[in-house]
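Engineer: Supplied structure: query36.cif, mmCIF, C-alpha atoms and all ligand atoms.
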```
data_my_file
loop_
_atom_site.label_atom_id
_atom_site.label_comp_id
_atom_site.auth_asym_id
_atom_site.auth_seq_id
_atom_site.Cartn_x
_atom_site.Cartn_y
_atom_site.Cartn_z
CA MET J 21 0.00 0.00 0.00
CA LYS J 22 1.15 3.53 -0.82
CA LYS J 23 2.07 5.62 2.22
CA ASP J 24 -0.01 8.80 2.69
CA LYS J 25 2.06 11.92 2.11
CA ILE J 26 0.16 15.17 2.37
CA LEU J 27 0.97 18.61 0.95
CA VAL J 28 -0.83 21.60 2.51
CA ILE J 29 -0.66 24.74 0.35
CA GLY J 30 -1.45 27.99 2.19
CA ALA J 31 -0.55 26.34 5.51
CA CYS J 32 0.14 29.63 7.33
CA GLY J 33 -3.39 31.02 6.96
CA GLN J 34 -6.35 31.02 9.33
CA ILE J 35 -7.38 27.48 8.40
CA GLY J 36 -4.01 26.15 7.25
CA VAL J 37 -2.25 26.34 10.61
CA GLU J 38 -4.90 24.37 12.48
CA LEU J 39 -5.52 21.93 9.65
CA THR J 40 -1.81 21.19 9.29
CA LEU J 41 -1.49 20.52 13.03
CA ALA J 42 -4.57 18.25 12.97
CA LEU J 43 -3.28 16.32 9.92
CA ARG J 44 0.14 15.90 11.55
CA LYS J 45 -1.53 14.33 14.58
CA MET J 46 -3.36 11.86 12.33
CA TYR J 47 -0.75 11.03 9.71
CA GLY J 48 2.49 11.65 11.59
CA ASP J 49 4.46 14.92 11.60
CA ALA J 50 6.91 13.90 8.86
CA ASN J 51 4.10 12.93 6.47
CA VAL J 52 2.49 16.37 6.28
CA LEU J 53 4.49 18.90 4.28
CA ALA J 54 3.35 22.46 5.01
CA SER J 55 3.91 25.19 2.41
CA ASP J 56 3.10 28.87 1.96
CA LEU J 57 4.34 32.07 0.36
CA ARG J 58 4.79 33.53 3.83
CA GLU J 59 7.36 32.73 6.46
CA GLU J 60 6.53 29.66 8.51
CA HIS J 61 3.86 30.41 11.12
CA GLU J 62 5.05 30.41 14.75
CA LEU J 63 2.65 27.61 15.69
CA LEU J 64 4.00 25.36 12.93
CA LYS J 65 7.68 25.81 13.75
CA GLY J 66 9.25 22.59 14.92
CA THR J 67 6.12 20.51 14.28
CA GLY J 68 7.06 19.10 10.87
CA PRO J 69 8.52 19.82 7.41
CA TYR J 70 7.98 23.23 5.82
CA VAL J 71 8.78 24.60 2.35
CA SER J 72 8.35 27.98 0.79
CA LEU J 73 6.07 27.64 -2.26
CA ASP J 74 4.22 29.91 -4.66
CA VAL J 75 1.35 27.76 -5.92
CA MET J 76 1.22 29.91 -9.06
CA ASN J 77 4.55 28.40 -10.11
CA LYS J 78 3.26 25.16 -11.63
CA GLU J 79 6.70 23.72 -12.41
CA MET J 80 7.90 24.19 -8.84
CA LEU J 81 4.70 22.65 -7.52
CA HIS J 82 5.01 19.71 -9.88
CA VAL J 83 8.61 19.05 -8.86
CA LEU J 84 7.68 19.25 -5.18
CA VAL J 85 4.83 16.77 -5.61
CA ILE J 86 7.09 14.27 -7.39
CA ARG J 87 10.10 14.75 -5.11
CA HIS J 88 8.07 14.20 -1.92
CA ASN J 89 5.85 11.39 -3.31
CA ILE J 90 2.77 13.43 -2.42
CA THR J 91 -0.50 11.44 -2.34
CA GLN J 92 -2.93 14.10 -1.07
CA ILE J 93 -3.06 17.87 -1.63
CA TYR J 94 -4.95 20.41 0.47
CA LEU J 95 -5.11 23.73 -1.40
CA LEU J 96 -5.93 26.60 0.96
CA ALA J 97 -4.13 29.49 -0.75
CA ALA J 98 -6.59 32.12 -1.97
CA ILE J 99 -7.48 35.80 -2.03
CA LEU J 100 -10.50 36.23 0.26
CA SER J 101 -13.74 38.18 -0.25
CA ALA J 102 -12.95 41.62 1.13
CA THR J 103 -9.37 41.71 -0.23
CA GLY J 104 -10.61 40.36 -3.57
CA GLU J 105 -12.91 43.35 -4.11
CA LYS J 106 -9.88 45.66 -3.93
CA ASN J 107 -8.15 43.92 -6.83
CA PRO J 108 -10.66 41.74 -8.72
CA LEU J 109 -8.40 40.68 -11.59
CA LEU J 110 -5.65 39.57 -9.24
CA ALA J 111 -8.16 37.64 -7.09
CA TRP J 112 -9.57 35.89 -10.15
CA HIS J 113 -6.10 35.06 -11.45
CA ILE J 114 -4.79 33.63 -8.17
CA ASN J 115 -7.94 31.80 -7.12
CA MET J 116 -8.43 30.13 -10.51
CA GLN J 117 -4.86 29.43 -11.58
CA SER J 118 -3.88 27.94 -8.21
CA LEU J 119 -6.76 25.48 -8.46
CA LEU J 120 -6.08 24.62 -12.11
CA ASN J 121 -2.40 24.00 -11.31
CA VAL J 122 -3.32 21.62 -8.50
CA LEU J 123 -6.09 19.80 -10.40
CA ASP J 124 -3.89 19.30 -13.43
CA ILE J 125 -0.94 17.98 -11.44
CA ALA J 126 -3.34 15.71 -9.51
CA LYS J 127 -4.52 14.29 -12.83
CA GLU J 128 -0.97 13.90 -14.20
CA GLU J 129 0.46 12.29 -11.07
CA ASN J 130 -2.59 10.24 -10.05
CA ILE J 131 -2.84 12.00 -6.69
CA ASP J 132 -5.20 10.03 -4.40
CA LYS J 133 -7.23 12.96 -3.06
CA VAL J 134 -7.45 16.74 -3.39
CA TYR J 135 -9.16 19.15 -0.99
CA TRP J 136 -10.11 22.68 -2.02
CA PRO J 137 -12.58 24.83 -0.07
CA SER J 138 -15.44 26.76 -1.57
CA SER J 139 -17.53 29.29 0.37
CA ILE J 140 -21.00 30.64 1.15
CA ALA J 141 -19.87 33.43 -1.21
CA VAL J 142 -21.00 31.33 -4.21
CA PHE J 143 -24.54 32.41 -3.36
CA GLY J 144 -25.85 35.82 -4.38
CA PRO J 145 -28.82 38.11 -3.79
CA ASN J 146 -31.09 35.89 -5.93
CA SER J 147 -30.44 32.76 -3.86
CA PRO J 148 -32.91 32.00 -1.06
CA MET J 149 -31.46 33.70 2.04
CA GLN J 150 -32.84 31.38 4.68
CA ASP J 151 -31.66 27.74 4.84
CA THR J 152 -30.11 28.14 1.39
CA PRO J 153 -30.36 24.73 -0.31
CA GLN J 154 -27.48 22.72 -1.78
CA HIS J 155 -28.84 23.12 -5.31
CA THR J 156 -30.37 26.53 -5.99
CA ILE J 157 -29.89 29.76 -7.93
CA ILE J 158 -26.18 30.58 -7.84
CA GLU J 159 -25.42 34.08 -9.08
CA PRO J 160 -22.47 35.39 -7.04
CA THR J 161 -21.76 39.12 -7.24
CA THR J 162 -18.28 39.34 -5.67
CA ILE J 163 -15.18 38.29 -7.60
CA TYR J 164 -14.39 35.93 -4.74
CA GLY J 165 -17.79 34.24 -5.10
CA ILE J 166 -17.46 34.10 -8.88
CA SER J 167 -14.04 32.44 -8.57
CA LYS J 168 -15.37 29.95 -5.99
CA PHE J 169 -18.34 29.05 -8.20
CA ALA J 170 -16.11 28.59 -11.24
CA GLY J 171 -13.75 26.53 -9.07
CA GLU J 172 -16.60 24.25 -8.00
CA ARG J 173 -17.44 23.63 -11.65
CA TRP J 174 -13.76 22.82 -12.40
CA CYS J 175 -13.64 20.37 -9.47
CA GLU J 176 -16.71 18.53 -10.69
CA TYR J 177 -15.32 18.55 -14.24
CA TYR J 178 -11.97 17.05 -13.21
CA ASN J 179 -13.80 14.43 -11.20
CA HIS J 180 -16.25 13.43 -13.92
CA ARG J 181 -13.88 13.73 -16.85
CA TYR J 182 -10.57 12.51 -15.38
CA GLY J 183 -11.58 10.72 -12.17
CA VAL J 184 -9.65 13.11 -9.87
CA ASP J 185 -10.94 12.49 -6.33
CA VAL J 186 -11.45 16.14 -5.39
CA ARG J 187 -13.64 17.10 -2.44
CA SER J 188 -14.91 20.46 -1.26
CA LEU J 189 -16.96 22.28 1.37
CA ARG J 190 -18.74 25.62 1.21
CA TYR J 191 -17.36 26.95 4.48
CA PRO J 192 -19.36 29.54 6.40
CA GLY J 193 -17.45 32.38 8.13
CA LEU J 194 -14.83 30.76 10.35
CA ILE J 195 -14.04 31.87 13.89
CA SER J 196 -10.74 30.95 15.50
CA TYR J 197 -8.18 32.18 18.03
CA LYS J 198 -4.97 30.40 16.92
CA SER J 199 -4.29 32.15 13.60
CA ALA J 200 -5.63 35.46 12.32
CA PRO J 201 -8.28 35.71 9.57
CA GLY J 202 -7.09 36.73 6.12
CA GLY J 203 -9.37 39.49 4.79
CA GLY J 204 -12.88 38.05 4.70
CA THR J 205 -16.30 39.65 5.27
CA THR J 206 -16.93 37.56 8.40
CA ASP J 207 -13.66 38.66 10.10
CA TYR J 208 -15.68 40.91 12.46
CA ALA J 209 -16.71 37.82 14.41
CA VAL J 210 -13.04 37.19 15.28
CA GLU J 211 -12.01 40.84 15.82
CA ILE J 212 -14.90 41.38 18.24
CA PHE J 213 -13.43 38.89 20.75
CA HIS J 214 -9.99 40.49 20.75
CA GLU J 215 -11.43 44.00 21.12
CA ALA J 216 -13.87 42.87 23.82
CA LYS J 217 -11.03 41.46 25.89
CA GLU J 218 -8.56 44.28 25.29
CA HIS J 219 -10.72 47.42 25.07
CA LYS J 220 -14.23 46.32 26.19
CA THR J 221 -15.67 47.93 23.08
CA TYR J 222 -15.95 47.15 19.35
CA THR J 223 -17.08 48.98 16.23
CA SER J 224 -18.59 46.50 13.81
CA PHE J 225 -18.16 46.96 10.06
CA LEU J 226 -21.45 45.10 9.55
CA SER J 227 -24.84 46.39 10.74
CA GLU J 228 -26.45 44.98 13.88
CA ASN J 229 -28.97 42.66 12.21
CA THR J 230 -26.72 41.16 9.51
CA TYR J 231 -27.14 37.42 9.92
CA LEU J 232 -24.48 35.18 8.35
CA PRO J 233 -23.71 31.46 8.53
CA MET J 234 -20.73 30.92 10.84
CA MET J 235 -18.69 28.05 12.26
CA TYR J 236 -16.16 27.57 15.03
CA MET J 237 -12.78 26.38 13.72
CA PRO J 238 -12.73 23.00 15.55
CA ASP J 239 -15.95 22.09 13.72
CA ALA J 240 -14.51 23.24 10.37
CA ILE J 241 -11.33 21.21 10.83
CA ARG J 242 -13.31 18.13 11.85
CA ALA J 243 -15.68 18.55 8.87
CA THR J 244 -12.72 18.80 6.49
CA ILE J 245 -11.05 15.69 7.84
CA GLU J 246 -14.31 13.70 8.00
CA LEU J 247 -15.08 14.59 4.38
CA MET J 248 -11.58 13.58 3.28
CA GLU J 249 -11.68 10.33 5.27
CA ALA J 250 -15.13 9.29 3.99
CA ASP J 251 -15.31 6.42 1.53
CA ALA J 252 -15.49 7.78 -2.02
CA SER J 253 -18.82 5.96 -2.53
CA ARG J 254 -20.42 8.30 0.03
CA ILE J 255 -19.42 11.51 -1.78
CA SER J 256 -22.33 12.36 -4.09
CA VAL J 257 -21.43 16.06 -4.48
CA ARG J 258 -18.25 16.74 -6.45
CA SER J 259 -18.68 20.49 -6.67
CA ALA J 260 -18.87 21.52 -2.97
CA TYR J 261 -21.07 20.60 -0.01
CA ASN J 262 -23.06 23.20 1.95
CA LEU J 263 -21.72 23.12 5.51
CA SER J 264 -23.48 24.67 8.45
CA GLY J 265 -22.76 25.33 12.11
CA MET J 266 -24.58 28.39 13.47
CA SER J 267 -26.05 31.69 12.30
CA PHE J 268 -25.93 34.97 14.23
CA SER J 269 -25.79 38.76 13.84
CA PRO J 270 -23.32 41.28 15.34
CA LYS J 271 -26.02 42.23 17.87
CA GLU J 272 -26.43 38.61 18.98
CA ILE J 273 -22.73 37.87 19.34
CA ALA J 274 -22.31 41.14 21.31
CA ALA J 275 -25.11 40.08 23.68
CA GLU J 276 -23.42 36.72 24.18
CA ILE J 277 -20.05 38.39 24.93
CA LYS J 278 -21.79 40.73 27.42
CA LYS J 279 -22.77 37.68 29.47
CA HIS J 280 -19.02 37.21 30.16
CA ILE J 281 -17.89 40.88 30.01
CA PRO J 282 -20.84 42.98 31.29
CA GLU J 283 -19.16 46.34 30.51
CA PHE J 284 -18.67 45.44 26.82
CA THR J 285 -20.27 47.87 24.34
CA ILE J 286 -20.71 47.67 20.55
CA SER J 287 -21.33 50.32 17.90
CA TYR J 288 -21.92 49.94 14.17
CA GLU J 289 -20.19 51.61 11.22
CA PRO J 290 -20.98 49.49 8.16
CA ASP J 291 -18.47 49.84 5.31
CA TYR J 292 -18.06 48.25 1.83
CA ARG J 293 -18.22 44.80 3.40
CA GLN J 294 -21.90 45.36 4.29
CA GLN J 295 -22.82 45.10 0.62
CA ILE J 296 -20.90 41.81 0.30
CA ALA J 297 -22.64 40.40 3.39
CA ASP J 298 -26.07 41.51 2.13
CA GLY J 299 -25.69 39.24 -0.91
CA TRP J 300 -24.89 36.15 1.15
CA PRO J 301 -27.23 33.69 2.89
CA ASN J 302 -28.40 34.17 6.48
CA SER J 303 -28.22 30.43 7.07
CA MET J 304 -27.51 27.30 5.01
CA ASP J 305 -29.14 23.90 4.64
CA ASP J 306 -26.40 21.26 4.86
CA GLY J 307 -28.71 18.23 4.83
CA GLN J 308 -26.76 16.64 1.98
CA ALA J 309 -23.48 16.62 3.96
CA ARG J 310 -25.31 15.21 6.97
CA ALA J 311 -26.94 12.47 4.88
CA ASP J 312 -23.92 11.53 2.74
CA TRP J 313 -21.04 11.38 5.20
CA GLY J 314 -22.67 11.98 8.58
CA TRP J 315 -21.75 15.61 9.24
CA LYS J 316 -22.87 16.95 12.65
CA HIS J 317 -21.76 20.30 14.11
CA GLU J 318 -20.89 20.61 17.77
CA TYR J 319 -20.50 24.34 18.56
CA ASP J 320 -23.31 26.87 18.89
CA LEU J 321 -22.90 30.59 19.68
CA GLU J 322 -22.92 30.07 23.44
CA LYS J 323 -20.36 27.27 23.49
CA MET J 324 -18.08 29.00 20.99
CA THR J 325 -18.14 32.35 22.83
CA ALA J 326 -17.16 30.73 26.12
CA ASP J 327 -14.30 28.85 24.43
CA MET J 328 -13.02 31.90 22.49
CA LEU J 329 -12.97 34.12 25.58
CA LYS J 330 -11.19 31.44 27.56
CA ASN J 331 -8.46 30.98 24.94
CA ILE J 332 -7.61 34.39 23.47
P1 LIG X 1 -5.91 33.01 4.68
O1 LIG X 1 -5.87 34.23 3.84
O2 LIG X 1 -5.88 33.14 6.15
O3 LIG X 1 -4.74 32.03 4.25
C1 LIG X 1 -4.37 31.80 2.92
C2 LIG X 1 -2.89 31.47 2.89
O4 LIG X 1 -2.52 31.26 1.54
C3 LIG X 1 -2.00 32.60 3.44
O5 LIG X 1 -1.15 32.12 4.45
C4 LIG X 1 -1.23 33.08 2.22
O6 LIG X 1 0.10 33.49 2.52
C5 LIG X 1 -1.25 31.84 1.34
N1 LIG X 1 -1.06 32.17 -0.07
C6 LIG X 1 -1.61 33.19 -0.77
N2 LIG X 1 -1.17 33.17 -2.04
C7 LIG X 1 -0.33 32.12 -2.15
C8 LIG X 1 0.45 31.58 -3.21
N3 LIG X 1 0.46 32.15 -4.43
N4 LIG X 1 1.19 30.47 -2.98
C9 LIG X 1 1.21 29.88 -1.74
N5 LIG X 1 0.49 30.35 -0.70
C10 LIG X 1 -0.26 31.46 -0.90
O7 LIG X 1 -7.21 32.18 4.23
P2 LIG X 1 -8.04 31.09 5.07
O8 LIG X 1 -9.08 31.83 5.81
O9 LIG X 1 -7.14 30.17 5.77
O10 LIG X 1 -8.77 30.35 3.86
C11 LIG X 1 -8.30 29.14 3.29
C12 LIG X 1 -9.30 28.71 2.23
O11 LIG X 1 -10.61 28.58 2.81
C13 LIG X 1 -9.47 29.71 1.08
O12 LIG X 1 -9.71 29.02 -0.12
C14 LIG X 1 -10.71 30.48 1.47
O13 LIG X 1 -11.35 31.01 0.34
C15 LIG X 1 -11.54 29.38 2.11
N6 LIG X 1 -12.57 29.91 3.02
C16 LIG X 1 -12.23 30.54 4.17
C17 LIG X 1 -13.23 31.02 5.01
C18 LIG X 1 -12.90 31.73 6.31
O14 LIG X 1 -13.81 32.22 6.99
N7 LIG X 1 -11.65 31.77 6.73
C19 LIG X 1 -14.58 30.87 4.66
C20 LIG X 1 -14.88 30.26 3.45
C21 LIG X 1 -13.87 29.74 2.65
#
```
Can you give me the file's structure in the form of structure tokens?
Ligand code: NAD

Structural biologist:
Amino acid sequence: MKKDKILVIGACGQIGVELTLALRKMYGDANVLASDLREEHELLKGTGPYVSLDVMNKEMLHVLVIRHNITQIYLLAAILSATGEKNPLLAWHINMQSLLNVLDIAKEENIDKVYWPSSIAVFGPNSPMQDTPQHTIIEPTTIYGISKFAGERWCEYYNHRYGVDVRSLRYPGLISYKSAPGGGTTDYAVEIFHEAKEHKTYTSFLSENTYLPMMYMPDAIRATIELMEADASRISVRSAYNLSGMSFSPKEIAAEIKKHIPEFTISYEPDYRQQIADGWPNSMDDGQARADWGWKHEYDLEKMTADMLKNI
């Protein structure tokens, strides 16, 4: 049997750090090669092999995959929603070309499995806002959402046409304390905890009643690993699965924080990110993930808030 050898691309980002550490626990430190454009993240140092890699350089990536006998690739490098709106052509170029490089090398080298995350950003103002279904109107209006939707189509295409075992989740906004978020529209839900602890006050860039689907990082990491570990026969969606944890507004998360820090106050100054959030679902129906490979979330707003405040 071939030994699993995993390459994580974008390992120093908000998800990458925690996912790399979780994969190292499962597969052994030496079998998970972390890579990123950035310098190695503090939390990764000394935990396993690290290489500097620009995923846009296909030749370099190809050589790395062959040299290290890579059998699984997790592609996490991307330009996120808020940053993407500042330079749409760059976001499109990086988000698409990185995925095409990985899919094509996976096809060439018969890589066992590929993971690439999609996002709630694939949905747009014409999608149903409440309990957005797996299959529905998909008309994204941000460049990030457009690139994620196109990426989903490419994943399904490479699976159907070439048999590449690529799997994907439409992550909600992710909340974590180990590594900082990278320029998304849901970043307020991380910033608010730091500001609450340090300054007892926060100014939200989204309005008080903006509901968005959210998830605590431990749930997101577990979902990713459970999807990747599931038998291929259980994966009926080869574009990307809806994935759901909780849904809340800035007003609700502030009220939950106030239970722990009574003097905490919040004010609202919506900026350009409000428009992005307004086009996204309030909540998502992830029944297909639950039915196909047994997904079940663990953290709600109350449990997550207590854990975040304890750890940051
Ligand atoms: P992040 O911005 O925190 O991390 C991305 C990492 O990729 C960074 O460390 C960056 O240095 C690296 N990177 C960028 N360009 C690169 C390149 N050319 N070559 C190599 N590395 C490069 O992002 P994240 O929040 O960890 O997101 C990871 C994935 O999950 C992305 O595809 C993102 O769209 C998706 N996602 C994230 C969220 C969220 O809330 N964090 C929600 C939905 C989907």

Engineer: Near stretch 229-246 of chain J, counting only C-alpha atoms, which residues have an atom at most 9 Å away, once you skip same-chain residues fewer than 5 positions from it, shown as number ranges by chain?

Structural biologist: J: 35, 38-39, 42-43, 135, 137, 140, 188-189, 191-197, 206, 209, 263-272, 294, 297-298, 300-304, 313-321, 324

Engineer: Restricting the calculation to all atoms listed in the file: of J:Asn130, J:Asn262, J:Asn121, J:Asn51, which residue gets closest to J:Ile86?

Structural biologist: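 The answer is J:Asn130, which sits nearest to J:Ile86.
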
Engineer: Atom CA of J:His219 and atom CA of J:Lys279 are how many Å apart?

Structural biologist: 16.1 Å

Engineer: Please identify every polymer residue within 8 Å of ligand LIG 1 (chain X), using only C-alpha atoms and all ligand atoms, and present the set as a PDB file with C-alpha atoms, in the frame of the given file.

Structural biologist:
```pdb
ATOM      1  CA  ILE J  29      -0.660  24.740   0.350  1.00  0.00           C
ATOM      2  CA  GLY J  30      -1.450  27.990   2.190  1.00  0.00           C
ATOM      3  CA  ALA J  31      -0.550  26.340   5.510  1.00  0.00           C
ATOM      4  CA  CYS J  32       0.140  29.630   7.330  1.00  0.00           C
ATOM      5  CA  GLY J  33      -3.390  31.020   6.960  1.00  0.00           C
ATOM      6  CA  GLN J  34      -6.350  31.020   9.330  1.00  0.00           C
ATOM      7  CA  ILE J  35      -7.380  27.480   8.400  1.00  0.00           C
ATOM      8  CA  GLY J  36      -4.010  26.150   7.250  1.00  0.00           C
ATOM      9  CA  VAL J  37      -2.250  26.340  10.610  1.00  0.00           C
ATOM     10  CA  SER J  55       3.910  25.190   2.410  1.00  0.00           C
ATOM     11  CA  ASP J  56       3.100  28.870   1.960  1.00  0.00           C
ATOM     12  CA  LEU J  57       4.340  32.070   0.360  1.00  0.00           C
ATOM     13  CA  ARG J  58       4.790  33.530   3.830  1.00  0.00           C
ATOM     14  CA  SER J  72       8.350  27.980   0.790  1.00  0.00           C
ATOM     15  CA  LEU J  73       6.070  27.640  -2.260  1.00  0.00           C
ATOM     16  CA  ASP J  74       4.220  29.910  -4.660  1.00  0.00           C
ATOM     17  CA  VAL J  75       1.350  27.760  -5.920  1.00  0.00           C
ATOM     18  CA  MET J  76       1.220  29.910  -9.060  1.00  0.00           C
ATOM     19  CA  ASN J  77       4.550  28.400 -10.110  1.00  0.00           C
ATOM     20  CA  LEU J  95      -5.110  23.730  -1.400  1.00  0.00           C
ATOM     21  CA  LEU J  96      -5.930  26.600   0.960  1.00  0.00           C
ATOM     22  CA  ALA J  97      -4.130  29.490  -0.750  1.00  0.00           C
ATOM     23  CA  ALA J  98      -6.590  32.120  -1.970  1.00  0.00           C
ATOM     24  CA  ILE J  99      -7.480  35.800  -2.030  1.00  0.00           C
ATOM     25  CA  LEU J 100     -10.500  36.230   0.260  1.00  0.00           C
ATOM     26  CA  SER J 101     -13.740  38.180  -0.250  1.00  0.00           C
ATOM     27  CA  ILE J 114      -4.790  33.630  -8.170  1.00  0.00           C
ATOM     28  CA  ASN J 115      -7.940  31.800  -7.120  1.00  0.00           C
ATOM     29  CA  SER J 118      -3.880  27.940  -8.210  1.00  0.00           C
ATOM     30  CA  TRP J 136     -10.110  22.680  -2.020  1.00  0.00           C
ATOM     31  CA  PRO J 137     -12.580  24.830  -0.070  1.00  0.00           C
ATOM     32  CA  SER J 138     -15.440  26.760  -1.570  1.00  0.00           C
ATOM     33  CA  SER J 139     -17.530  29.290   0.370  1.00  0.00           C
ATOM     34  CA  ILE J 140     -21.000  30.640   1.150  1.00  0.00           C
ATOM     35  CA  ALA J 141     -19.870  33.430  -1.210  1.00  0.00           C
ATOM     36  CA  TYR J 164     -14.390  35.930  -4.740  1.00  0.00           C
ATOM     37  CA  LYS J 168     -15.370  29.950  -5.990  1.00  0.00           C
ATOM     38  CA  ARG J 190     -18.740  25.620   1.210  1.00  0.00           C
ATOM     39  CA  TYR J 191     -17.360  26.950   4.480  1.00  0.00           C
ATOM     40  CA  PRO J 192     -19.360  29.540   6.400  1.00  0.00           C
ATOM     41  CA  GLY J 193     -17.450  32.380   8.130  1.00  0.00           C
ATOM     42  CA  LEU J 194     -14.830  30.760  10.350  1.00  0.00           C
ATOM     43  CA  ILE J 195     -14.040  31.870  13.890  1.00  0.00           C
ATOM     44  CA  SER J 199      -4.290  32.150  13.600  1.00  0.00           C
ATOM     45  CA  ALA J 200      -5.630  35.460  12.320  1.00  0.00           C
ATOM     46  CA  PRO J 201      -8.280  35.710   9.570  1.00  0.00           C
ATOM     47  CA  GLY J 202      -7.090  36.730   6.120  1.00  0.00           C
ATOM     48  CA  GLY J 203      -9.370  39.490   4.790  1.00  0.00           C
ATOM     49  CA  GLY J 204     -12.880  38.050   4.700  1.00  0.00           C
ATOM     50  CA  THR J 206     -16.930  37.560   8.400  1.00  0.00           C
ATOM     51  CA  ASP J 207     -13.660  38.660  10.100  1.00  0.00           C
TER      52      ASP J 207
END
```

Engineer: Let me make sure I understand: among J:Asp291, J:Asp185, J:Glu159, J:Asp24, which one has the smallest atom-to-atom distance to J:Lys127 if we use only C-alpha atoms?

Structural biologist: J:Asp185

Engineer: Rounded to one decimal in Å, what is the spacing between atom CA of J:Lys106 and atom CA of J:Tyr292?

Structural biologist: 10.3 Å

Engineer: List every protein, DNA or RNA residue that has an atom no more than 6 Å from (9.3, 18.1, 11.8) in the file's coordinate frame, counting all atoms listed in the file, and report them as a list in words.

Structural biologist: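 Checking each residue against the 6 Å limit leaves Asp49, Ala50, Gly66, Thr67, Gly68 and Pro69 of chain J.
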
Engineer: Could you tell me how far atom CA of J:Arg181 lies from atom CA of J:Leu119, in Å and to one decimal?

Structural biologist: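 Rounded to one decimal, the two atoms are 16.1 Å apart.
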
Engineer: For J:Glu249, which residue out of J:Val52, J:Arg187, J:His82, J:Tyr177 is the nearest one, using all atoms listed in the file?

Structural biologist: J:Arg187

Engineer: Can you work out which one of J:Ala309, J:Val28, J:Ala326, J:Met248 has the shortest atom-to-atom distance to J:Ile277, counting only C-alpha atoms?

Structural biologist: J:Ala326

Engineer: Using only C-alpha atoms, list the residues that have an atom at most 9 Å from (-19.3, 36.4, 25.5), coordinates as in the file, as a ChimeraX atom specification.

Structural biologist: /J:213,216,273-282,321-322,324-326,328-329

Engineer: Which residues are near J:Leu123? Cut-off 9 Å, all atoms listed in the file, ignore same chain within fewer than 2 positions. Put them as an mmCIF file with C-alpha atoms, in the coordinates of the input.

Structural biologist:
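What landed in part-v8.cif:
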```
data_model
loop_
_atom_site.group_PDB
_atom_site.id
_atom_site.type_symbol
_atom_site.label_atom_id
_atom_site.label_comp_id
_atom_site.auth_asym_id
_atom_site.auth_seq_id
_atom_site.Cartn_x
_atom_site.Cartn_y
_atom_site.Cartn_z
ATOM 1 C CA SER J 118 -3.880 27.940 -8.210
ATOM 2 C CA LEU J 119 -6.760 25.480 -8.460
ATOM 3 C CA LEU J 120 -6.080 24.620 -12.110
ATOM 4 C CA ASN J 121 -2.400 24.000 -11.310
ATOM 5 C CA ILE J 125 -0.940 17.980 -11.440
ATOM 6 C CA ALA J 126 -3.340 15.710 -9.510
ATOM 7 C CA LYS J 127 -4.520 14.290 -12.830
ATOM 8 C CA GLU J 128 -0.970 13.900 -14.200
ATOM 9 C CA VAL J 134 -7.450 16.740 -3.390
ATOM 10 C CA TRP J 174 -13.760 22.820 -12.400
ATOM 11 C CA CYS J 175 -13.640 20.370 -9.470
ATOM 12 C CA TYR J 178 -11.970 17.050 -13.210
ATOM 13 C CA VAL J 184 -9.650 13.110 -9.870
ATOM 14 C CA VAL J 186 -11.450 16.140 -5.390
#
```

Engineer: Pick from J:Leu41, J:Leu53, J:Ala102, J:Val257: nearest to J:Thr162, with all atoms listed in the file counted?

Structural biologist: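 Closest to J:Thr162, using all atoms listed in the file: J:Ala102.
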
Engineer: Which residue, J:Lys25, J:Lys330, J:Lys198, J:Arg44, has the smallest gap to J:Lys217 when you use all atoms listed in the file?

Structural biologist: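 Answer, going by the shortest atom-to-atom distance: J:Lys330.
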
Engineer: Could you pull stretch 323-331 of chain J out of the structure just shown and give N, CA and C atoms as a compact mmCIF listing (two decimals), in the first residue's frame?

Structural biologist:
```
# COMPACT_ATOMS: atom_id res chain seq x y z
N LYS J 323 -21.53 28.12 23.21
CA LYS J 323 -20.36 27.27 23.49
C LYS J 323 -19.08 27.87 22.87
N MET J 324 -19.24 28.41 21.66
CA MET J 324 -18.08 29.00 20.99
C MET J 324 -17.59 30.25 21.73
N THR J 325 -18.51 31.10 22.15
CA THR J 325 -18.14 32.35 22.83
C THR J 325 -17.36 32.04 24.11
N ALA J 326 -17.84 31.10 24.88
CA ALA J 326 -17.16 30.73 26.12
C ALA J 326 -15.74 30.23 25.81
N ASP J 327 -15.61 29.42 24.78
CA ASP J 327 -14.30 28.85 24.43
C ASP J 327 -13.35 29.93 23.89
N MET J 328 -13.86 30.82 23.05
CA MET J 328 -13.02 31.90 22.49
C MET J 328 -12.50 32.79 23.62
N LEU J 329 -13.39 33.20 24.52
CA LEU J 329 -12.97 34.12 25.58
C LEU J 329 -12.00 33.46 26.56
N LYS J 330 -12.12 32.16 26.69
CA LYS J 330 -11.19 31.44 27.56
C LYS J 330 -9.79 31.37 26.93
N ASN J 331 -9.74 31.27 25.61
CA ASN J 331 -8.46 30.98 24.94
C ASN J 331 -7.70 32.16 24.37
```
